[in-house]
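*Asks:* First the structure, which I've put down as structure tokens, then a few questions once you've had a look.
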Amino acid sequence: MDLNAVRTFVAVADAGRFQDAAADLSITQQAVSKRIAALEKDLGVRLFTRTARGARLTVDGQAFLPHARELLGAAERAAASVRPGRRALRVDVIGRKLAPAALLRDFHRAHPGTELDVVTLHDADAAVAAVRSGAIDASFRAVTMPGRQLPDDVEATPVLDEPLQLLTGPGHAFADARAVTPAELVGHRIWMPEIVPNTEWAAYYADLAAAFGLTIDVVGPHFGTEPLPDVLADSPALATFVGEQTRVLWPADYDLRRIPLHDPTPVYPHSLLRRRDNPHPALTALRDYLDSTHRGRRRAGVWAPAWARRSTPP
């Protein structure tokens, strides 16, 4: 159905005269007449009766009017859903309890009027494909190099070096340590069954293990981060790595310990991926917010993989 004809029908119904509707739509009266005639032919009914006082809706016109208004409203909502500045900003955060979700929450607190659509994709390859296709506007990811480069139309801006911490139960050898060096972890079992092969975080922890001679055990069923505290609380041997901003909850009587790593501090390098020509104004606001917080600056005394981009945000 021709939406311009439907819009013209509603304008005539509201104005009561073809001439007045033409003025409202900024078209000629002849164009109004042609559109109404085409719509009547399409529907197979008369919509208006012309009188000396203007145009009066027929019974069929009265029946069609509320549906015509619904059609125009649906068309406007459909356009608004994809119109930059009107639709929600779609952002991938990897996981809703991880640091990127916290970054996005902080941004929303600073810009409470921004509508957000938060999604979680499987890995960096899926995120890059979604950014390129327009399925999402941005993604927080670690960008692995070398071996492949990002497509020319996708930009990655470093936004956060997140320090890692060691999470242990109260009976672990390092439970009472104020800090631990990576070298001190050699020979200790780091249990991380949630690592998925061929993902960017799998590449990160493989490089971390190789750099410091660590034993990262990925054996075991992956039930997410929630069951980890149950196992760690009762184990004198198992520990795991968590990001400083990763939200992990456990009952108070578990008495788990989050222990900082230092000399050096391993950091997980989060970047913001976006398509260079994406015009969404909220995406510009997000990038400006992240730049203003200086989160992308690489501090001294930290370790990151060789493939991690080393720069401050432009």
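Note on naming: chains are A, B, ... as they come in the structure tokens, residues start from 1 per chain, ligands start from 1 in the order shown.
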Fewer than 4 positions away in the same chain doesn't count, so skip those; otherwise give me all residues within 12 Å of segment 107-122 of chain A, counting only C-alpha atoms, as number ranges by chain.
*Replies:* A: 81, 84-98, 100-103, 126-131, 135-141, 195-201, 280-293
*Asks:* Which of segment 152-252 of chain A counts as strand (DSSP E or B) under DSSP, as a list in words please?
*Replies:*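 For segment 152-252 of chain A, the strand (DSSP E or B) set is Val154, Glu155, Ala156, Thr157, Pro158, Val159, Leu160, Asp161, Glu162, Pro163, Leu164, Gln165, Leu166, Leu167, Thr168, Val180, Arg189, Ile190, Trp191, Thr215, Ile216, Asp217, Leu238, Ala239, Thr240, Phe241, Val242 and Gly243 of chain A.
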*Asks:* Could you please write out, as a short mmCIF file (atom, residue, chain, number, x, y, z; two decimals) with N, CA and C atoms, in the first residue's frame, every residue of segment 71-201 of chain A that DSSP assigns to helix (DSSP H, G or I)?
*Replies:*
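Now in out.cif:
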```
data_model
loop_
_atom_site.label_atom_id
_atom_site.label_comp_id
_atom_site.auth_asym_id
_atom_site.auth_seq_id
_atom_site.Cartn_x
_atom_site.Cartn_y
_atom_site.Cartn_z
N LEU A 71 -1.23 2.56 10.34
CA LEU A 71 -0.21 2.31 9.32
C LEU A 71 0.87 3.39 9.36
N LEU A 72 0.45 4.64 9.43
CA LEU A 72 1.42 5.73 9.45
C LEU A 72 2.26 5.71 10.74
N GLY A 73 1.61 5.38 11.85
CA GLY A 73 2.36 5.27 13.10
C GLY A 73 3.37 4.15 13.07
N ALA A 74 2.98 3.01 12.48
CA ALA A 74 3.91 1.87 12.37
C ALA A 74 5.08 2.22 11.47
N ALA A 75 4.82 2.96 10.38
CA ALA A 75 5.90 3.36 9.48
C ALA A 75 6.89 4.28 10.18
N GLU A 76 6.38 5.20 10.99
CA GLU A 76 7.25 6.11 11.72
C GLU A 76 8.08 5.36 12.76
N ARG A 77 7.44 4.43 13.45
CA ARG A 77 8.20 3.64 14.44
C ARG A 77 9.27 2.80 13.77
N ALA A 78 8.96 2.23 12.61
CA ALA A 78 9.94 1.42 11.88
C ALA A 78 11.13 2.26 11.46
N ALA A 79 10.87 3.47 10.96
CA ALA A 79 11.97 4.35 10.55
C ALA A 79 12.80 4.79 11.76
N ALA A 80 12.11 5.10 12.86
CA ALA A 80 12.81 5.56 14.05
C ALA A 80 13.70 4.48 14.65
N ALA A 99 34.19 -6.13 32.95
CA ALA A 99 34.54 -4.71 32.96
C ALA A 99 33.85 -3.89 31.87
N PRO A 100 33.72 -4.38 30.62
CA PRO A 100 33.04 -3.55 29.61
C PRO A 100 31.62 -3.16 30.02
N ALA A 101 30.91 -4.06 30.68
CA ALA A 101 29.57 -3.71 31.15
C ALA A 101 29.64 -2.60 32.18
N ALA A 102 30.66 -2.61 33.02
CA ALA A 102 30.83 -1.53 34.00
C ALA A 102 31.14 -0.21 33.30
N LEU A 103 31.97 -0.25 32.25
CA LEU A 103 32.25 0.97 31.48
C LEU A 103 30.98 1.54 30.89
N LEU A 104 30.14 0.66 30.35
CA LEU A 104 28.91 1.12 29.72
C LEU A 104 27.93 1.66 30.77
N ARG A 105 27.89 1.03 31.95
CA ARG A 105 27.04 1.55 33.02
C ARG A 105 27.50 2.94 33.45
N ASP A 106 28.81 3.14 33.55
CA ASP A 106 29.33 4.46 33.92
C ASP A 106 28.96 5.50 32.87
N PHE A 107 29.07 5.11 31.60
CA PHE A 107 28.69 6.02 30.52
C PHE A 107 27.21 6.40 30.62
N HIS A 108 26.36 5.41 30.91
CA HIS A 108 24.93 5.68 30.98
C HIS A 108 24.59 6.58 32.16
N ARG A 109 25.31 6.43 33.26
CA ARG A 109 25.10 7.33 34.40
C ARG A 109 25.45 8.77 34.02
N ALA A 110 26.49 8.92 33.20
CA ALA A 110 26.89 10.26 32.77
C ALA A 110 25.98 10.80 31.67
N ALA A 124 35.61 -12.18 19.27
CA ALA A 124 35.97 -10.97 18.55
C ALA A 124 35.60 -11.05 17.07
N ASP A 125 35.76 -12.23 16.46
CA ASP A 125 35.40 -12.37 15.05
C ASP A 125 33.92 -12.08 14.83
N ALA A 126 33.07 -12.60 15.71
CA ALA A 126 31.64 -12.33 15.61
C ALA A 126 31.34 -10.86 15.82
N ALA A 127 32.08 -10.24 16.75
CA ALA A 127 31.87 -8.82 17.03
C ALA A 127 32.27 -7.96 15.84
N VAL A 128 33.41 -8.26 15.23
CA VAL A 128 33.86 -7.49 14.06
C VAL A 128 32.86 -7.62 12.92
N ALA A 129 32.37 -8.84 12.68
CA ALA A 129 31.39 -9.05 11.61
C ALA A 129 30.11 -8.26 11.90
N ALA A 130 29.68 -8.24 13.16
CA ALA A 130 28.46 -7.51 13.52
C ALA A 130 28.64 -6.00 13.39
N VAL A 131 29.83 -5.51 13.75
CA VAL A 131 30.11 -4.08 13.58
C VAL A 131 30.09 -3.71 12.10
N ARG A 132 30.71 -4.54 11.27
CA ARG A 132 30.77 -4.24 9.83
C ARG A 132 29.39 -4.26 9.18
N SER A 133 28.55 -5.20 9.61
CA SER A 133 27.23 -5.34 8.99
C SER A 133 26.23 -4.31 9.51
N PRO A 182 53.51 -12.75 39.36
CA PRO A 182 53.28 -13.89 38.46
C PRO A 182 54.31 -15.00 38.66
N ALA A 183 55.56 -14.62 38.97
CA ALA A 183 56.60 -15.64 39.16
C ALA A 183 56.28 -16.55 40.34
N GLU A 184 55.63 -16.01 41.36
CA GLU A 184 55.29 -16.82 42.54
C GLU A 184 54.18 -17.82 42.25
N LEU A 185 53.47 -17.65 41.16
CA LEU A 185 52.37 -18.56 40.81
C LEU A 185 52.83 -19.79 40.05
N GLU A 200 39.39 -14.54 21.82
CA GLU A 200 40.46 -13.61 22.14
C GLU A 200 40.93 -13.78 23.58
N TRP A 201 40.03 -14.16 24.49
CA TRP A 201 40.49 -14.34 25.88
C TRP A 201 41.28 -15.64 26.03
#
```
*Asks:* Any idea what's packed within 6 Å of segment 12-21 of chain A, counting only C-alpha atoms, ignoring anything in its chain fewer than 3 positions away? Could you give it as a ChimeraX atom specification?
*Replies:* /A:9,24,29,54-55
*Asks:* Output C-alpha atoms for every residue in the selection just made, as a PDB file, in the first residue's frame.
*Replies:*
```pdb
ATOM      1  CA  PHE A   9      -6.063  10.313   2.875  1.00  0.00           C
ATOM      2  CA  ASP A  24      -0.698  21.002   4.539  1.00  0.00           C
ATOM      3  CA  GLN A  29      -4.632  19.789  -5.241  1.00  0.00           C
ATOM      4  CA  GLY A  54     -15.609  19.987   1.036  1.00  0.00           C
ATOM      5  CA  ALA A  55     -14.912  16.251   1.355  1.00  0.00           C
TER       6      ALA A  55
END
```
*Asks:* Quote the spacing between atom CA of Ala306 of chain A and atom CA of Leu272 of chain A in Å to one decimal place.
*Replies:* 18.4 Å
*Asks:* Leaving out Gly243 of chain A and any residue of its chain fewer than 2 positions from it, which residues lie within 9 Å of it when counting only C-alpha atoms, given as a PyMOL selection string?
*Replies:* chain A and resi 98-99+162-166+241+245-247+267-268
*Asks:* Return the single residue from A:Val143, A:Leu43, A:Ala211, A:Val218 that is closest to Phe64 of chain A, with distances computed using only C-alpha atoms.
*Replies:*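 Answer, going by the shortest atom-to-atom distance: A:Leu43.
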*Asks:* Check the smallest atom-to-atom distance from each of A:Ala173, A:Ala22, A:Ala142, A:Ala68 to Tyr204 of chain A using only C-alpha atoms, then report the winner.
*Replies:*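 For Tyr204 of chain A, the nearest of the candidates is A:Ala142.
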*Asks:* My list of candidates is A:Thr181, A:Ser26, A:Thr240, A:Thr215. Which is closest to Thr168 of chain A when distances are computed with only C-alpha atoms?
*Replies:*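 Ranked by minimum distance to Thr168 of chain A, first place goes to A:Thr240.
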*Asks:* Need the shell around segment 249-253 of chain A: protein/DNA/RNA residues with any atom at most 12 Å away, counting only C-alpha atoms. Skip same-chain ones fewer than 5 positions apart. Format as a ChimeraX atom specification?
*Replies:* /A:97,167,169-170,225-234,258
*Asks:* Once you have the residues from the selection above, write them out as a PDB file, in the first residue's frame, restricted to C-alpha atoms.
*Replies:*
```
ATOM      1  CA  LYS A  97      29.428  -9.019  34.816  1.00  0.00           C
ATOM      2  CA  LEU A 167      40.837 -15.278  43.501  1.00  0.00           C
ATOM      3  CA  GLY A 169      39.669 -19.677  49.046  1.00  0.00           C
ATOM      4  CA  PRO A 170      40.719 -19.121  52.682  1.00  0.00           C
ATOM      5  CA  THR A 225      31.462 -17.781  36.929  1.00  0.00           C
ATOM      6  CA  GLU A 226      28.731 -18.461  39.505  1.00  0.00           C
ATOM      7  CA  PRO A 227      29.879 -22.007  40.555  1.00  0.00           C
ATOM      8  CA  LEU A 228      33.565 -21.026  40.805  1.00  0.00           C
ATOM      9  CA  PRO A 229      33.285 -19.634  44.364  1.00  0.00           C
ATOM     10  CA  ASP A 230      31.750 -22.927  45.537  1.00  0.00           C
ATOM     11  CA  VAL A 231      34.826 -24.855  44.375  1.00  0.00           C
ATOM     12  CA  LEU A 232      37.415 -22.293  45.442  1.00  0.00           C
ATOM     13  CA  ALA A 233      35.993 -21.908  48.950  1.00  0.00           C
ATOM     14  CA  ASP A 234      36.761 -25.545  49.797  1.00  0.00           C
ATOM     15  CA  ARG A 258      40.902 -11.170  45.808  1.00  0.00           C
TER      16      ARG A 258
END
```
